[in-house]
Amino acid sequence: MIKKLMTLGAVVSVLTFGSQAAFASDGWADTKETAHAINDGGSFFQTISDSTDVDWYYWKNDSDKINWVFELQSPTGVNYDYDWIAYGPNGQMSGTAGDLGPGQIDAATGSGFGRGTTIYFKVRGHSSQDFDSRHAYAVYLSTW
C-alpha cells in the first residue's frame with residue numbers, strides 16, 4: 001500500500017511539473033538577453049502568465065533579405081501588443097505594432113534591415129488585466 005502511494009505521488013509530481021513546463025512563461029524569455037530565436041517562416045505559441053510577464057523573441061539576419069513582418073495573434077478576449085528593437089550596421093531603430101484589440105492579429109513590417117541586423121520583439125499584455133496563463137498566443141515571422 002505504501003509503495004502504491006509513493007508511486008502515485010511520484011506520478012502526480014511528474015504530471016504537475018511536466019504539464020506546467022509546456023506553457024510556463026515566467027522565467028522563459030523574460031529579458032532581451034534570454035530572448036527565444038525565431039527563424040524566417042517560424043511560428044511559436046506561448047502564454048503570458050501574469051500582468052508582469054513579457055516574452056522576448058529575436059531574429060538575426062544572416063541573409064540577403066531586407067524586409068520582415070512579425071505577427072502576433074492574441075487569444076480570444078485578451079489583448080497583447082509587441083514592441084520591436086533593431087540593432088544593425090546602420091544603428092538602432094524601434095517601433096510598436098498597430099493594436100487591433102483582443103483576439104486580433106497585430107503586425108508590423110520593417111524594410112531595409114540587411115545582413116547583420118538583429119531584431120528583438122517584446123510581447124506583453126496591453127493592460128494589467130491582459131494575460132491568460134491557460135490560452136496561448138501565436139507569433140509568426142516572415143522575411144523577404
# chains A, B, ... in the order shown; residues from 1 in each chain; ligands from 1
>>> closest_atom_pairs(of="segment 30-64 of chain A", to="segment 122-141 of chain A", cutoff="7 Å", atoms="only C-alpha atoms", output="CSV")
residue,atom,partner,partner_atom,distance
A:Asn39,CA,A:Leu141,CA,6.9
A:Asp40,CA,A:Leu141,CA,5.6
A:Gly41,CA,A:Leu141,CA,5.5
A:Gly42,CA,A:Leu141,CA,5.7
A:Ser43,CA,A:Tyr140,CA,4.3
A:Phe44,CA,A:Val139,CA,5.4
A:Phe45,CA,A:Ala138,CA,4.6
A:Gln46,CA,A:Ala136,CA,4.8
A:Thr47,CA,A:Ala136,CA,4.5
A:Ile48,CA,A:Phe131,CA,5.2
A:Ser49,CA,A:Ser133,CA,4.1
A:Asp50,CA,A:Phe131,CA,5.5
A:Ser51,CA,A:Ser128,CA,4.8
A:Asp53,CA,A:Arg124,CA,6.9
A:Val54,CA,A:Arg124,CA,4.8
A:Asp55,CA,A:Val123,CA,5.1
A:Trp56,CA,A:Lys122,CA,4.5
A:Tyr57,CA,A:Lys122,CA,6.6
>>> select_by_dssp(residues="segment 52-137 of chain A", states="strand (DSSP E or B)", output="number ranges by chain")
A: 55-60, 67-73, 80-88, 91-96, 105-111, 118-125, 132-137
>>> residues_around(residues="segment 97-99 of chain A", least_positions_apart="5", cutoff="7 Å", atoms="only C-alpha atoms", output="compact mmCIF listing (two decimals) with N, CA, C and O atoms, in the first residue's frame")
# COMPACT_ATOMS: atom_id res chain seq x y z
N ASP A 81 0.18 43.16 -27.11
CA ASP A 81 0.88 44.05 -28.02
C ASP A 81 2.33 43.61 -28.10
O ASP A 81 2.79 42.79 -27.30
N TYR A 82 3.07 44.20 -29.06
CA TYR A 82 4.51 43.97 -29.05
C TYR A 82 5.25 45.21 -29.56
O TYR A 82 4.73 46.01 -30.32
N ASP A 83 6.46 45.33 -29.04
CA ASP A 83 7.40 46.36 -29.47
C ASP A 83 8.56 45.65 -30.15
O ASP A 83 8.81 44.47 -29.91
N ASP A 106 -2.01 41.54 -34.51
CA ASP A 106 -1.24 42.78 -34.63
C ASP A 106 0.00 42.47 -35.45
O ASP A 106 0.61 41.41 -35.29
N ALA A 107 0.38 43.39 -36.33
CA ALA A 107 1.55 43.16 -37.18
C ALA A 107 2.30 44.46 -37.41
O ALA A 107 1.72 45.54 -37.41
N ALA A 108 3.60 44.30 -37.60
CA ALA A 108 4.45 45.42 -38.03
C ALA A 108 5.35 44.88 -39.13
O ALA A 108 5.68 43.70 -39.17
>>> select_by_dssp(residues="chain A", states="helix (DSSP H, G or I)", output="PyMOL selection string")
chain A and resi 2-23+32-34
>>> closest_residue(among="A:Val78, A:Leu72, A:Asp30, A:Ala86", to="Thr118 of chain A", atoms="only C-alpha atoms")
A:Ala86
>>> residues_around(residues="Thr117 of chain A", least_positions_apart="3", cutoff="9 Å", atoms="only C-alpha atoms", output="PDB file with N, CA, C and O atoms, in the first residue's frame")
ATOM      1  N   TRP A  59      15.312  37.759 -34.146  1.00  0.00           N
ATOM      2  CA  TRP A  59      15.705  37.241 -35.449  1.00  0.00           C
ATOM      3  C   TRP A  59      17.005  37.916 -35.834  1.00  0.00           C
ATOM      4  O   TRP A  59      17.098  39.152 -35.820  1.00  0.00           O
ATOM      5  N   LYS A  60      18.019  37.106 -36.137  1.00  0.00           N
ATOM      6  CA  LYS A  60      19.305  37.631 -36.600  1.00  0.00           C
ATOM      7  C   LYS A  60      19.367  37.420 -38.102  1.00  0.00           C
ATOM      8  O   LYS A  60      19.278  36.290 -38.585  1.00  0.00           O
ATOM      9  N   ASN A  61      19.499  38.504 -38.849  1.00  0.00           N
ATOM     10  CA  ASN A  61      19.519  38.426 -40.308  1.00  0.00           C
ATOM     11  C   ASN A  61      20.919  38.067 -40.788  1.00  0.00           C
ATOM     12  O   ASN A  61      21.821  38.898 -40.789  1.00  0.00           O
ATOM     13  N   ASP A  62      21.081  36.821 -41.202  1.00  0.00           N
ATOM     14  CA  ASP A  62      22.331  36.346 -41.790  1.00  0.00           C
ATOM     15  C   ASP A  62      22.158  36.110 -43.288  1.00  0.00           C
ATOM     16  O   ASP A  62      22.909  35.359 -43.888  1.00  0.00           O
ATOM     17  N   ALA A  86      15.579  47.068 -33.365  1.00  0.00           N
ATOM     18  CA  ALA A  86      16.537  46.523 -34.325  1.00  0.00           C
ATOM     19  C   ALA A  86      17.914  47.138 -34.092  1.00  0.00           C
ATOM     20  O   ALA A  86      18.030  48.351 -33.927  1.00  0.00           O
ATOM     21  N   TYR A  87      18.919  46.281 -34.074  1.00  0.00           N
ATOM     22  CA  TYR A  87      20.312  46.714 -33.963  1.00  0.00           C
ATOM     23  C   TYR A  87      21.033  46.223 -35.206  1.00  0.00           C
ATOM     24  O   TYR A  87      21.000  45.036 -35.512  1.00  0.00           O
ATOM     25  N   GLY A  88      21.680  47.143 -35.924  1.00  0.00           N
ATOM     26  CA  GLY A  88      22.357  46.737 -37.139  1.00  0.00           C
ATOM     27  C   GLY A  88      23.505  47.651 -37.496  1.00  0.00           C
ATOM     28  O   GLY A  88      23.837  48.579 -36.753  1.00  0.00           O
ATOM     29  N   PRO A  89      24.078  47.406 -38.659  1.00  0.00           N
ATOM     30  CA  PRO A  89      25.206  48.216 -39.115  1.00  0.00           C
ATOM     31  C   PRO A  89      24.873  49.712 -39.219  1.00  0.00           C
ATOM     32  O   PRO A  89      25.754  50.548 -39.090  1.00  0.00           O
ATOM     33  N   ASN A  90      23.600  50.036 -39.420  1.00  0.00           N
ATOM     34  CA  ASN A  90      23.189  51.440 -39.555  1.00  0.00           C
ATOM     35  C   ASN A  90      22.654  52.028 -38.249  1.00  0.00           C
ATOM     36  O   ASN A  90      22.001  53.065 -38.263  1.00  0.00           O
ATOM     37  N   PHE A 113      16.345  46.268 -43.473  1.00  0.00           N
ATOM     38  CA  PHE A 113      17.092  45.673 -42.361  1.00  0.00           C
ATOM     39  C   PHE A 113      17.979  44.560 -42.902  1.00  0.00           C
ATOM     40  O   PHE A 113      17.600  43.390 -42.884  1.00  0.00           O
ATOM     41  N   GLY A 114      19.140  44.915 -43.407  1.00  0.00           N
ATOM     42  CA  GLY A 114      20.008  43.975 -44.100  1.00  0.00           C
ATOM     43  C   GLY A 114      20.820  43.059 -43.210  1.00  0.00           C
ATOM     44  O   GLY A 114      20.643  43.002 -41.988  1.00  0.00           O
TER      45      GLY A 114
END
>>> closest_residue(among="A:Thr76, A:Ala35, A:Tyr120, A:Ile105", to="Gln92 of chain A", atoms="only C-alpha atoms")
A:Tyr120
>>> closest_residue(among="A:Ser94, A:Ser74, A:Asn79, A:Ser63", to="Ile119 of chain A", atoms="only C-alpha atoms")
A:Ser94
>>> residues_around(residues="Gly112 of chain A", least_positions_apart="6", cutoff="10 Å", atoms="only C-alpha atoms", output="list in words")
Lys65, Ile66, Asn67, Trp68 and Asn90 of chain A
>>> closest_residue(among="A:Gly110, A:Gly116, A:Ser142, A:Gly27", to="Ile85 of chain A", atoms="only C-alpha atoms")
A:Gly110
>>> closest_residue(among="A:Gly101, A:Phe121, A:Gly91, A:Tyr58", to="Pro75 of chain A", atoms="only C-alpha atoms")
A:Gly101
